[in-house]
Amino acid sequence: MASFLARRLGVMLLTMLCLTLIVFYLVNLQPNLRKLAISQTEMHATDQELEGWLKKNGYRRPFFARYATWLGVWPREPIVDPATGAAIPRFSWCDEPTTPKLSGVLQGDFGCSTKFKVKVVEKLGPALEATGILMFWVMALMIPVALVVGVISGMREGSRTDRTLSVISIATTSTPEYVSGVVLTIIFATWLGWLNGSAAAATEGHLSFYNFTLPVVTVSIYGMGYVARMTRASMIEVMNAQYIRTARLKGLGFASIVLKHALRNALIAPFTVIMLLFPWLLTGVVIVEVMFRYQGFGQALVDAAGNNDIDLLLACSLVSVMLVLATQLISDVGYAWLNPRIRVH
Amino acid sequence: MAEPVLEIDRLSISFFTRAGEIPAVMDFSCKVMPGQAMGLVGESGCGKSTVALAVMRDLPGVGRITNGSIRFEGRDMASLSDPELRAIRGSKIAMVYQEPMASLNPTMLIGRQLMEVPLIHDKVSKEEAHRRALDIVKAVRLPDPDRIMRAYPHQLSGGQQQRVVIAMALLSNPRLLILDEPTTALDVTVEAGIVALVKDLTARSGASSLFISHNLGLILETCDSVTVMYSGEAVETGRVRDVFGAVRHPYTQGLFRSMPLPGTNKNDNPLVPIPGQLPLPYERPQGCNFGPRCGYFVAGVCDRADVPMHEVAEGAGHMSRCLRVEAIDWSASAEKADQFKPVEIGPDVLEVDRLKKHYRVAASAIFAGKEGRAVKAVEDVSFSAREAEVLAIVGESGCGKSTLAKVLLGLETATEGLVVFDHEAIQNRPIERRPTGTISSIQMIFQNPFDTLNPSYSVGSQIIRTLERFRVGANDGERRETMLGLLDLVKLPRAFAHRSPRQLSGGQKQRIGVARAFAGRPRVIIADEPMSALDVSVQAAISELLMNLQRESKTTMVFISHDLSVVRYLADRTVVMYLGHIVEMGATAQIFSPPFHPYTEALLSAIPIADAKVKKRHVVLEGEIPSALSPPKGCPFQTRCGHKSQVPGNLCEREVPPAREVADGHTIKCHLPEETLRRMEPVFS
Ligand SMILES: Nc1ncnc2c1ncn2[C@@H]1O[C@H](COP(=O)(O)OP(=O)(O)OP(=O)(O)O)[C@@H](O)[C@H]1O
Ligand code: SF4
Ligand code: SF4
Ligand SMILES: [Mg+2]
């Protein structure tokens, strides 16, 4: 098991290295750098001045040297004012090391956010926390409801309950978040006034049922139908398996059959789906955060992309990649744990 | 007289599907007396499992009992309430199924699955349940009971799983045990062990049993009475010795005649297949269901009205569903099918010398260890096949027969050794690199006729494609003619050229498989278990077809099988394989009489023979076939061999025995001295 984990972690790191390299390359393409330089210099700066700014701030160093510095395996050289010989930061509002030393992602230095004029870490930390809270409530709502719905409809295939629940599940999965978000807001916020259509207050620590329900429900509803359908299919398959007949012919009652024999087997497939759903929910989170003005990771990502905030964008990509890979690892390990036929070495 | 434990009276069951009502069982009656075993035998789809599930009151949703009753210990099963039913299931009636792996919960420990039974029915404490479960695991002779209790089903072999299922069924001392083809998925020697176990345990506990099987031989060995089913009806029933001694229904007679029993022989006494095929449930004829296939059919008598079951003169309780029982001369032997002169055996065509095939298995795709492990599928195999000869390769699952076939065909390349065909070494030449001539000269017939045909093309066009590939025929017209000729050859109507594979029965598909194999006029045909997926009566027809074709074309046939009865019937020479080794080889008659290799002896004794006159010596092997990943040191058979103690000095555990010639062309790979081998008693008498 330990060596399996070590191996998987190794592969994960390798994948991350490759992916960040690609993202680093794309984000640092010439047009983006030019835009950065324009935003950081005087109005109407000449091409030469722009080039000078880029050069001075180290953006013209060789690609791999810059990548290594960003990563934190190559020392970061401070930018020295040729006039005074003193180190000056890239951006006035953002401290950077004044002596050459390793300072990159590995050391926890993600650079500076040009949009929010703070260190990336200061922005990303709270944003991730906010999104974490959102995701937690999404999962806390979505998984139990989806599993219960799936199990109940799958345990008696074709019953009236099954047909009703199936129609609802299909309806929810086929409605994207931006539609359900709008519909829910109109009904519950505009007409009924029961809930708040903006979650902006929630970010400031005033999280309440009133302002937080709509975003949570909007994100959950999409995945919910999907997981429920998966669970139902898996449950139906299990309920028709021969070992369920064995259990029945042993004299077990229906409830014991479902709880003791069917459930664990039926959850193997949806478990994988749920873990793989995590990264996929991220897109939903982006839409919902923007829609409900919730200051989370999704909003940060949108802002970074929209404002050519290179360092923030890099950090966001890194987090996304990490999330995807981590959920995959968890899903593999969990699968092996649920399913004794899979032995990890 | 005692009350019957189970009494089924005029039971009819239908499935109500979208296509309409499908009557699966009609007017079925049978009685199981206390302590007795009733066998239920019949071909696939005749309704055996449906009867079993009806007894358990566990028919699928669309199935319904339309008539008749099932009484268990005098109570009508239909009248039981749900709680009453649950109290009976698993405690008074227990069931064992065909596929042991599928009938155990894959994510629950064996121990817990066993403990459930006493926990539900006897309301005992956990400790007591565990003690009982452990006892029963010991009773079914599983090795290392504590480990088994803590194992998951997939960690056991098929035979061990089936022992667990039997243990589960016997845990609460049921009055009636229903066994639905309990050994069909298992190897013959494992089957023999399970059958002996069931007989022993039911005899001790006094339980009755309903033993479902398609194998008459197995019924003869295990049961007191037998009911033969055909197309949803019981056609003959009675005590085993009456039915096997004096058959009184043409279908049962047909079954016996299509089985390769001792005494049959492909040249002097060939099998007589039952003509035609099983009618589909909604295409059953008027009058006697067996009418269209019956040799004694008389128009105006047999096709008038439904035939009732009625007692025949001899033997108490012997009943038949044939109107002409009195009129038929049952003692007349079968109309002799054509006899044949043995074909002249030619020179060697295919030679295999010290062939070895190891598969590397990597632990994991990424970062796998350098070494990996090797599955030693074929370890040391040498033999030759001659022109116009049928050479059988027998052995149980995992002994390497199919791997050997793949190397011969070029689907795999050899690890070491030689395969010589037409003076050319071909062991390292995969099929893509073999010249068309070689490919069409070595052809294959597969076990499963269902997988080898492409469902979206007509049968005719698939045969034509094969012809094109082998460059047979100058143009399309010629190839069409050849294709139609091939259909004639395999005795299918020419109109079948336009059918899609879906519209064919299993036997018909296998005929197409045979036609394709013969399309390129092959010199060698490798048939890998070509009949094991088919019913008895269809098996007979296919084996006759194969033998006729082989005889006429003087093709060499390498016939791979686990069924020694079939092998005795049709092979000229036989090779017995165990764990990648040839343990015995010789003319078929030599293999079937002493001196034997100890494994051959056990294999022979394990074949169920449906002939009450044949006396058999029982040699039951302990344990399971070892894994080819870690074969035992020394003699491959030493872990299960009963003669090992007769070899001094642990020689069997240290050295692989040499292949020794004990008679002309008869070799045995065993350390036992030749005199000891010669003194072995015959298995059959
Ligand atoms: N769920 C079902 N719906 C419709 N028809 C069915 C169903 N189950 C079985 N049948 C039909 O009932 C008939 C009897 O089937 P059954 O399974 O009892 O045969 P069997 O004798 O046990 O065959 P086998 O030897 O293959 O196990 C067959 O014609 C089959 O096609
Ligand atoms: S009733 Fe007629 S057709 Fe049916 S089995 Fe008897 S002889 Fe044959
Ligand atoms: S060599 Fe020994 S173990 Fe092997 S078959 Fe002969 S007696 Fe048995
Ligand atoms: Mg069946």
# chains A, B, ... in the order shown; residues from 1 in each chain; ligands from 1
>>> residues_around(residues="Arg499 (chain B)", least_positions_apart="3", cutoff="12 Å", atoms="only C-alpha atoms", output="PyMOL selection string")
chain B and resi 453-462+492-496+502-505+508-509+512
>>> write_last_selection(atoms="C-alpha atoms", output="mmCIF file, in the first residue's frame")
data_model
loop_
_atom_site.group_PDB
_atom_site.id
_atom_site.type_symbol
_atom_site.label_atom_id
_atom_site.label_comp_id
_atom_site.auth_asym_id
_atom_site.auth_seq_id
_atom_site.Cartn_x
_atom_site.Cartn_y
_atom_site.Cartn_z
ATOM 1 C CA LEU B 453 -19.173 -14.866 -35.875
ATOM 2 C CA ASN B 454 -19.654 -11.204 -36.662
ATOM 3 C CA PRO B 455 -23.297 -10.487 -35.824
ATOM 4 C CA SER B 456 -23.741 -7.863 -38.527
ATOM 5 C CA TYR B 457 -22.871 -9.917 -41.614
ATOM 6 C CA SER B 458 -24.748 -12.795 -43.149
ATOM 7 C CA VAL B 459 -23.325 -16.224 -42.649
ATOM 8 C CA GLY B 460 -22.649 -16.699 -46.359
ATOM 9 C CA SER B 461 -20.678 -13.497 -46.764
ATOM 10 C CA GLN B 462 -18.518 -14.389 -43.770
ATOM 11 C CA LEU B 492 -27.027 -26.812 -43.324
ATOM 12 C CA PRO B 493 -29.690 -25.793 -45.852
ATOM 13 C CA ARG B 494 -28.303 -23.476 -48.543
ATOM 14 C CA ALA B 495 -30.853 -20.843 -47.591
ATOM 15 C CA PHE B 496 -28.868 -20.287 -44.404
ATOM 16 C CA ARG B 502 -28.441 -14.260 -34.515
ATOM 17 C CA GLN B 503 -30.936 -16.459 -36.301
ATOM 18 C CA LEU B 504 -28.929 -19.630 -35.710
ATOM 19 C CA SER B 505 -28.925 -22.006 -32.776
ATOM 20 C CA GLN B 508 -25.864 -24.342 -36.213
ATOM 21 C CA LYS B 509 -23.352 -21.641 -35.374
ATOM 22 C CA ILE B 512 -20.662 -22.497 -39.580
#
>>> interface_residues(of="chain A", to="chain B", cutoff="10 Å", atoms="only C-alpha atoms", output="VMD selection string")
chain A and resid 4 7 to 8 10 to 11 238 240 to 253 260 to 262 264 to 265 337 to 342 344 to 345
>>> closest_residue(among="B:Val140, B:Ile212, B:Ser14, B:Glu424", to="ligand 4", atoms="only C-alpha atoms and all ligand atoms")
B:Ile212
>>> residues_near_ligand(ligand="ligand 2", cutoff="9 Å", atoms="only C-alpha atoms and all ligand atoms", output="MDAnalysis selection string")
chainID B and resid 235 249:251 287:299 301:303 307 320:325 327:328
>>> write_last_selection(atoms="C-alpha atoms", output="PDB file, in the first residue's frame")
ATOM      1  CA  VAL B 235     -41.191 -36.917 -20.161  1.00  0.00           C
ATOM      2  CA  HIS B 249     -39.324 -42.670 -23.631  1.00  0.00           C
ATOM      3  CA  PRO B 250     -37.812 -42.067 -27.062  1.00  0.00           C
ATOM      4  CA  TYR B 251     -36.199 -38.799 -25.937  1.00  0.00           C
ATOM      5  CA  GLY B 287     -49.667 -33.431 -29.593  1.00  0.00           C
ATOM      6  CA  CYS B 288     -46.404 -34.939 -28.414  1.00  0.00           C
ATOM      7  CA  ASN B 289     -43.725 -32.246 -28.038  1.00  0.00           C
ATOM      8  CA  PHE B 290     -41.049 -34.673 -29.109  1.00  0.00           C
ATOM      9  CA  GLY B 291     -43.007 -35.740 -32.199  1.00  0.00           C
ATOM     10  CA  PRO B 292     -41.017 -33.918 -34.898  1.00  0.00           C
ATOM     11  CA  ARG B 293     -37.756 -35.467 -33.678  1.00  0.00           C
ATOM     12  CA  CYS B 294     -39.071 -38.878 -32.726  1.00  0.00           C
ATOM     13  CA  GLY B 295     -38.202 -41.944 -34.754  1.00  0.00           C
ATOM     14  CA  TYR B 296     -41.299 -43.774 -33.555  1.00  0.00           C
ATOM     15  CA  PHE B 297     -43.703 -41.011 -34.521  1.00  0.00           C
ATOM     16  CA  VAL B 298     -46.975 -42.225 -35.990  1.00  0.00           C
ATOM     17  CA  ALA B 299     -49.190 -39.637 -37.595  1.00  0.00           C
ATOM     18  CA  VAL B 301     -51.615 -41.088 -32.946  1.00  0.00           C
ATOM     19  CA  CYS B 302     -48.828 -38.887 -31.656  1.00  0.00           C
ATOM     20  CA  ASP B 303     -50.036 -35.532 -33.006  1.00  0.00           C
ATOM     21  CA  VAL B 307     -49.910 -36.631 -24.127  1.00  0.00           C
ATOM     22  CA  SER B 320     -43.461 -41.972 -19.341  1.00  0.00           C
ATOM     23  CA  ARG B 321     -45.070 -39.376 -21.556  1.00  0.00           C
ATOM     24  CA  CYS B 322     -45.075 -41.526 -24.675  1.00  0.00           C
ATOM     25  CA  LEU B 323     -48.261 -42.960 -26.157  1.00  0.00           C
ATOM     26  CA  ARG B 324     -46.541 -45.825 -27.845  1.00  0.00           C
ATOM     27  CA  VAL B 325     -44.637 -47.310 -24.915  1.00  0.00           C
ATOM     28  CA  ALA B 327     -45.810 -50.664 -29.190  1.00  0.00           C
ATOM     29  CA  ILE B 328     -42.100 -49.818 -29.268  1.00  0.00           C
TER      30      ILE B 328
END
>>> closest_atom_pairs(of="chain B", to="ligand 1", cutoff="8 Å", atoms="only C-alpha atoms and all ligand atoms", output="CSV")
residue,atom,partner,partner_atom_place_in_ligand_line,distance
B:Ser14,CA,ligand 1,12 (O),7.7
B:Phe15,CA,ligand 1,4 (C),5.0
B:Phe16,CA,ligand 1,4 (C),7.0
B:Thr17,CA,ligand 1,4 (C),6.2
B:Ile22,CA,ligand 1,5 (N),6.5
B:Pro23,CA,ligand 1,12 (O),7.3
B:Ala24,CA,ligand 1,12 (O),4.4
B:Val25,CA,ligand 1,14 (C),7.0
B:Gly42,CA,ligand 1,21 (O),6.4
B:Glu43,CA,ligand 1,25 (O),5.6
B:Ser44,CA,ligand 1,25 (O),3.4
B:Gly45,CA,ligand 1,19 (O),3.4
B:Cys46,CA,ligand 1,21 (O),4.0
B:Gly47,CA,ligand 1,18 (O),3.1
B:Lys48,CA,ligand 1,21 (O),3.6
B:Ser49,CA,ligand 1,22 (O),3.5
B:Thr50,CA,ligand 1,18 (O),3.6
B:Val51,CA,ligand 1,18 (O),6.4
B:Ala52,CA,ligand 1,18 (O),7.9
B:Leu59,CA,ligand 1,1 (N),8.0
B:Pro60,CA,ligand 1,1 (N),5.6
B:Gly61,CA,ligand 1,1 (N),7.4
B:Val62,CA,ligand 1,3 (N),6.2
B:Gly63,CA,ligand 1,1 (N),6.6
B:Asp180,CA,ligand 1,22 (O),7.9
B:Glu181,CA,ligand 1,27 (O),7.7
B:Ser213,CA,ligand 1,25 (O),7.4
B:His214,CA,ligand 1,25 (O),6.4
B:Ser231,CA,ligand 1,29 (O),7.8
B:Gly232,CA,ligand 1,14 (C),6.8
B:Leu280,CA,ligand 1,29 (O),6.8
B:Pro281,CA,ligand 1,29 (O),5.7
>>> write_last_selection(atoms="C-alpha atoms", output="PDB file, in the first residue's frame")
ATOM      1  CA  SER B  14     -45.324 -19.060 -17.761  1.00  0.00           C
ATOM      2  CA  PHE B  15     -43.272 -15.973 -18.381  1.00  0.00           C
ATOM      3  CA  PHE B  16     -45.354 -13.002 -19.383  1.00  0.00           C
ATOM      4  CA  THR B  17     -43.130 -10.922 -21.617  1.00  0.00           C
ATOM      5  CA  ILE B  22     -44.108 -18.048 -22.853  1.00  0.00           C
ATOM      6  CA  PRO B  23     -45.027 -21.329 -21.199  1.00  0.00           C
ATOM      7  CA  ALA B  24     -41.728 -22.489 -19.686  1.00  0.00           C
ATOM      8  CA  VAL B  25     -42.949 -25.431 -17.621  1.00  0.00           C
ATOM      9  CA  GLY B  42     -32.657 -32.108 -19.518  1.00  0.00           C
ATOM     10  CA  GLU B  43     -31.075 -29.891 -22.121  1.00  0.00           C
ATOM     11  CA  SER B  44     -30.549 -26.161 -21.868  1.00  0.00           C
ATOM     12  CA  GLY B  45     -33.756 -24.152 -21.701  1.00  0.00           C
ATOM     13  CA  CYS B  46     -36.043 -27.064 -20.872  1.00  0.00           C
ATOM     14  CA  GLY B  47     -37.153 -25.409 -17.637  1.00  0.00           C
ATOM     15  CA  LYS B  48     -35.045 -27.056 -14.933  1.00  0.00           C
ATOM     16  CA  SER B  49     -33.974 -23.848 -13.206  1.00  0.00           C
ATOM     17  CA  THR B  50     -37.471 -22.454 -13.489  1.00  0.00           C
ATOM     18  CA  VAL B  51     -38.806 -25.405 -11.497  1.00  0.00           C
ATOM     19  CA  ALA B  52     -36.117 -24.898  -8.867  1.00  0.00           C
ATOM     20  CA  LEU B  59     -39.455 -16.636  -9.870  1.00  0.00           C
ATOM     21  CA  PRO B  60     -38.433 -13.463 -11.678  1.00  0.00           C
ATOM     22  CA  GLY B  61     -41.046 -10.709 -11.833  1.00  0.00           C
ATOM     23  CA  VAL B  62     -42.480 -11.787 -15.171  1.00  0.00           C
ATOM     24  CA  GLY B  63     -42.799 -15.445 -14.200  1.00  0.00           C
ATOM     25  CA  ASP B 180     -28.831 -26.299  -9.705  1.00  0.00           C
ATOM     26  CA  GLU B 181     -25.954 -27.588 -11.824  1.00  0.00           C
ATOM     27  CA  SER B 213     -27.996 -31.381 -14.115  1.00  0.00           C
ATOM     28  CA  HIS B 214     -27.683 -31.807 -17.834  1.00  0.00           C
ATOM     29  CA  SER B 231     -39.210 -28.664 -23.617  1.00  0.00           C
ATOM     30  CA  GLY B 232     -40.924 -27.741 -20.363  1.00  0.00           C
ATOM     31  CA  LEU B 280     -38.902 -22.818 -29.077  1.00  0.00           C
ATOM     32  CA  PRO B 281     -41.492 -22.431 -26.292  1.00  0.00           C
TER      33      PRO B 281
END
>>> closest_residue(among="B:Arg132, B:His498, B:Arg75, B:Arg679", to="Arg480 (chain B)", atoms="only C-alpha atoms")
B:His498
>>> residues_around(residues="Arg66 (chain A)", least_positions_apart="6", cutoff="10 Å", atoms="only C-alpha atoms", output="PyMOL selection string")
chain A and resi 24+58-60+72+74-76
>>> residues_around(residues="Ile170 (chain A)", least_positions_apart="5", cutoff="10 Å", atoms="only C-alpha atoms", output="list in words")
Leu165, Thr175, Tyr222, Met224, Gly225, Tyr226, Ala228 and Arg229 of chain A
>>> write_last_selection(atoms="N, CA and C atoms", output="short mmCIF file (atom, residue, chain, number, x, y, z; two decimals), in the first residue's frame")
data_model
loop_
_atom_site.label_atom_id
_atom_site.label_comp_id
_atom_site.auth_asym_id
_atom_site.auth_seq_id
_atom_site.Cartn_x
_atom_site.Cartn_y
_atom_site.Cartn_z
N LEU A 165 -38.54 9.51 -9.41
CA LEU A 165 -37.20 9.99 -9.08
C LEU A 165 -36.32 10.08 -10.32
N THR A 175 -30.09 20.42 -16.87
CA THR A 175 -30.17 21.87 -16.74
C THR A 175 -28.83 22.40 -16.26
N TYR A 222 -26.91 20.16 -10.12
CA TYR A 222 -26.41 19.63 -11.38
C TYR A 222 -25.79 18.26 -11.17
N MET A 224 -26.09 16.39 -8.63
CA MET A 224 -26.98 15.49 -7.90
C MET A 224 -27.67 14.48 -8.81
N GLY A 225 -28.27 14.98 -9.86
CA GLY A 225 -28.97 14.09 -10.79
C GLY A 225 -28.01 13.09 -11.37
N TYR A 226 -26.81 13.55 -11.68
CA TYR A 226 -25.82 12.68 -12.30
C TYR A 226 -25.43 11.53 -11.37
N ALA A 228 -27.06 10.50 -8.81
CA ALA A 228 -28.23 9.67 -8.53
C ALA A 228 -28.44 8.66 -9.64
N ARG A 229 -28.28 9.07 -10.89
CA ARG A 229 -28.47 8.15 -12.01
C ARG A 229 -27.44 7.02 -11.95
#
>>> select_by_dssp(residues="region 256-302 of chain A", states="alpha helix (DSSP H)", output="short mmCIF file (atom, residue, chain, number, x, y, z; two decimals) with N, CA, C and O atoms, in the first residue's frame")
data_model
loop_
_atom_site.label_atom_id
_atom_site.label_comp_id
_atom_site.auth_asym_id
_atom_site.auth_seq_id
_atom_site.Cartn_x
_atom_site.Cartn_y
_atom_site.Cartn_z
N SER A 256 -32.55 -5.97 5.22
CA SER A 256 -31.19 -6.47 5.45
C SER A 256 -30.48 -6.71 4.14
O SER A 256 -29.27 -6.50 4.04
N LEU A 263 -25.75 -2.46 -0.53
CA LEU A 263 -25.28 -1.09 -0.46
C LEU A 263 -23.80 -0.93 -0.81
O LEU A 263 -23.43 -0.17 -1.69
N ARG A 264 -22.95 -1.67 -0.11
CA ARG A 264 -21.52 -1.48 -0.32
C ARG A 264 -21.14 -1.76 -1.78
O ARG A 264 -20.38 -1.01 -2.39
N ASN A 265 -21.71 -2.83 -2.33
CA ASN A 265 -21.40 -3.15 -3.72
C ASN A 265 -21.90 -2.08 -4.66
O ASN A 265 -21.27 -1.74 -5.66
N ALA A 266 -23.09 -1.53 -4.32
CA ALA A 266 -23.68 -0.55 -5.23
C ALA A 266 -22.96 0.78 -5.16
O ALA A 266 -23.06 1.59 -6.07
N LEU A 267 -22.22 1.04 -4.07
CA LEU A 267 -21.58 2.34 -3.93
C LEU A 267 -20.21 2.41 -4.60
O LEU A 267 -19.65 3.49 -4.73
N ILE A 268 -19.69 1.27 -5.01
CA ILE A 268 -18.34 1.28 -5.59
C ILE A 268 -18.27 2.18 -6.82
O ILE A 268 -17.41 3.05 -6.92
N ALA A 269 -19.21 2.00 -7.73
CA ALA A 269 -19.17 2.80 -8.96
C ALA A 269 -19.42 4.28 -8.69
O ALA A 269 -18.63 5.12 -9.12
N PRO A 270 -20.48 4.65 -7.96
CA PRO A 270 -20.72 6.09 -7.73
C PRO A 270 -19.58 6.76 -6.98
O PRO A 270 -19.31 7.94 -7.20
N PHE A 271 -18.87 6.04 -6.12
CA PHE A 271 -17.78 6.65 -5.38
C PHE A 271 -16.75 7.25 -6.33
O PHE A 271 -16.33 8.39 -6.19
N THR A 272 -16.37 6.47 -7.32
CA THR A 272 -15.41 6.96 -8.31
C THR A 272 -15.97 8.19 -9.00
O THR A 272 -15.27 9.18 -9.20
N VAL A 273 -17.24 8.11 -9.35
CA VAL A 273 -17.85 9.22 -10.06
C VAL A 273 -17.83 10.48 -9.20
O VAL A 273 -17.48 11.56 -9.68
N ILE A 274 -18.13 10.32 -7.92
CA ILE A 274 -18.17 11.49 -7.06
C ILE A 274 -16.79 12.15 -7.00
O ILE A 274 -16.66 13.36 -7.13
N MET A 275 -15.75 11.33 -6.85
CA MET A 275 -14.42 11.92 -6.76
C MET A 275 -14.04 12.61 -8.07
O MET A 275 -13.42 13.66 -8.07
N LEU A 276 -14.45 11.99 -9.17
CA LEU A 276 -14.11 12.62 -10.45
C LEU A 276 -14.98 13.85 -10.70
O LEU A 276 -14.67 14.68 -11.53
N LEU A 277 -16.05 13.94 -9.93
CA LEU A 277 -16.96 15.06 -10.10
C LEU A 277 -16.38 16.34 -9.52
O LEU A 277 -16.70 17.43 -9.94
N PHE A 278 -15.50 16.18 -8.51
CA PHE A 278 -14.91 17.33 -7.83
C PHE A 278 -14.36 18.36 -8.81
O PHE A 278 -14.80 19.51 -8.82
N PRO A 279 -13.37 17.96 -9.63
CA PRO A 279 -12.81 18.94 -10.55
C PRO A 279 -13.87 19.50 -11.50
O PRO A 279 -13.83 20.68 -11.85
N TRP A 280 -14.82 18.65 -11.81
CA TRP A 280 -15.82 19.05 -12.77
C TRP A 280 -16.78 20.06 -12.14
O TRP A 280 -17.28 20.96 -12.80
N LEU A 281 -16.99 19.93 -10.83
CA LEU A 281 -17.83 20.89 -10.13
C LEU A 281 -17.19 22.27 -10.13
O LEU A 281 -17.86 23.28 -9.98
N LEU A 282 -15.85 22.30 -10.28
CA LEU A 282 -15.15 23.58 -10.29
C LEU A 282 -15.75 24.54 -11.30
O LEU A 282 -15.92 25.72 -11.02
N THR A 283 -16.08 24.05 -12.48
CA THR A 283 -16.66 24.93 -13.49
C THR A 283 -17.95 25.51 -12.96
O THR A 283 -18.21 26.71 -13.11
N GLY A 284 -18.75 24.65 -12.33
CA GLY A 284 -20.00 25.12 -11.74
C GLY A 284 -19.73 26.18 -10.70
O GLY A 284 -20.42 27.20 -10.61
N VAL A 285 -18.68 25.96 -9.92
CA VAL A 285 -18.33 26.91 -8.87
C VAL A 285 -17.99 28.26 -9.49
O VAL A 285 -18.41 29.31 -9.00
N VAL A 286 -17.24 28.23 -10.58
CA VAL A 286 -16.87 29.48 -11.24
C VAL A 286 -18.13 30.25 -11.62
O VAL A 286 -18.29 31.43 -11.28
N ILE A 287 -19.05 29.54 -12.29
CA ILE A 287 -20.27 30.21 -12.75
C ILE A 287 -21.06 30.76 -11.56
O ILE A 287 -21.48 31.92 -11.55
N VAL A 288 -21.24 29.91 -10.56
CA VAL A 288 -22.07 30.30 -9.43
C VAL A 288 -21.44 31.43 -8.62
O VAL A 288 -22.12 32.37 -8.19
N GLU A 289 -20.13 31.39 -8.46
CA GLU A 289 -19.48 32.46 -7.67
C GLU A 289 -19.63 33.80 -8.36
O GLU A 289 -19.88 34.82 -7.72
N VAL A 290 -19.49 33.76 -9.68
CA VAL A 290 -19.65 35.01 -10.41
C VAL A 290 -21.10 35.47 -10.32
O VAL A 290 -21.40 36.62 -10.03
N MET A 291 -22.00 34.52 -10.52
CA MET A 291 -23.42 34.85 -10.54
C MET A 291 -23.91 35.42 -9.20
O MET A 291 -24.65 36.38 -9.15
N PHE A 297 -12.59 31.08 -5.03
CA PHE A 297 -11.56 30.69 -5.97
C PHE A 297 -12.00 30.93 -7.41
O PHE A 297 -11.23 31.42 -8.24
N GLY A 298 -13.24 30.61 -7.70
CA GLY A 298 -13.76 30.78 -9.05
C GLY A 298 -13.72 32.22 -9.48
O GLY A 298 -13.28 32.56 -10.58
N GLN A 299 -14.16 33.08 -8.58
CA GLN A 299 -14.14 34.51 -8.87
C GLN A 299 -12.70 34.98 -9.10
O GLN A 299 -12.42 35.73 -10.02
N ALA A 300 -11.78 34.49 -8.27
CA ALA A 300 -10.37 34.87 -8.41
C ALA A 300 -9.84 34.45 -9.78
O ALA A 300 -9.14 35.20 -10.45
N LEU A 301 -10.21 33.24 -10.17
CA LEU A 301 -9.77 32.71 -11.46
C LEU A 301 -10.27 33.61 -12.59
O LEU A 301 -9.51 33.99 -13.49
N VAL A 302 -11.54 33.95 -12.52
CA VAL A 302 -12.12 34.80 -13.57
C VAL A 302 -11.43 36.15 -13.59
O VAL A 302 -11.05 36.66 -14.64
#
>>> residues_near_ligand(ligand="ligand 3", cutoff="10 Å", atoms="only C-alpha atoms and all ligand atoms", output="VMD selection string")
chain B and resid 583 596 to 600 634 to 648 650 to 658 668 to 673 676 to 677
>>> residues_around(residues="Gly513 (chain B)", least_positions_apart="3", cutoff="10 Å", atoms="only C-alpha atoms", output="PDB file with C-alpha atoms, in the first residue's frame")
ATOM      1  CA  MET B 444      -9.047 -23.506 -35.720  1.00  0.00           C
ATOM      2  CA  ILE B 445     -12.513 -24.331 -34.419  1.00  0.00           C
ATOM      3  CA  PHE B 446     -13.337 -22.397 -31.288  1.00  0.00           C
ATOM      4  CA  GLN B 447     -15.115 -23.356 -28.118  1.00  0.00           C
ATOM      5  CA  ASN B 448     -17.701 -20.670 -28.265  1.00  0.00           C
ATOM      6  CA  PRO B 449     -19.522 -20.511 -31.554  1.00  0.00           C
ATOM      7  CA  PHE B 450     -21.227 -17.359 -30.269  1.00  0.00           C
ATOM      8  CA  THR B 452     -16.525 -16.043 -33.447  1.00  0.00           C
ATOM      9  CA  LEU B 453     -19.173 -14.866 -35.875  1.00  0.00           C
ATOM     10  CA  VAL B 459     -23.325 -16.224 -42.649  1.00  0.00           C
ATOM     11  CA  ILE B 463     -17.615 -17.718 -45.327  1.00  0.00           C
ATOM     12  CA  VAL B 490     -21.803 -29.164 -42.797  1.00  0.00           C
ATOM     13  CA  GLY B 507     -25.254 -26.083 -32.896  1.00  0.00           C
ATOM     14  CA  GLN B 508     -25.864 -24.342 -36.213  1.00  0.00           C
ATOM     15  CA  LYS B 509     -23.352 -21.641 -35.374  1.00  0.00           C
ATOM     16  CA  GLN B 510     -20.796 -24.287 -34.569  1.00  0.00           C
ATOM     17  CA  ARG B 516     -15.066 -21.779 -42.095  1.00  0.00           C
ATOM     18  CA  ALA B 517     -12.289 -23.916 -40.684  1.00  0.00           C
ATOM     19  CA  PHE B 518     -12.577 -26.298 -43.639  1.00  0.00           C
ATOM     20  CA  ALA B 519     -12.821 -23.483 -46.197  1.00  0.00           C
ATOM     21  CA  PRO B 530     -15.553 -27.396 -29.910  1.00  0.00           C
TER      22      PRO B 530
END
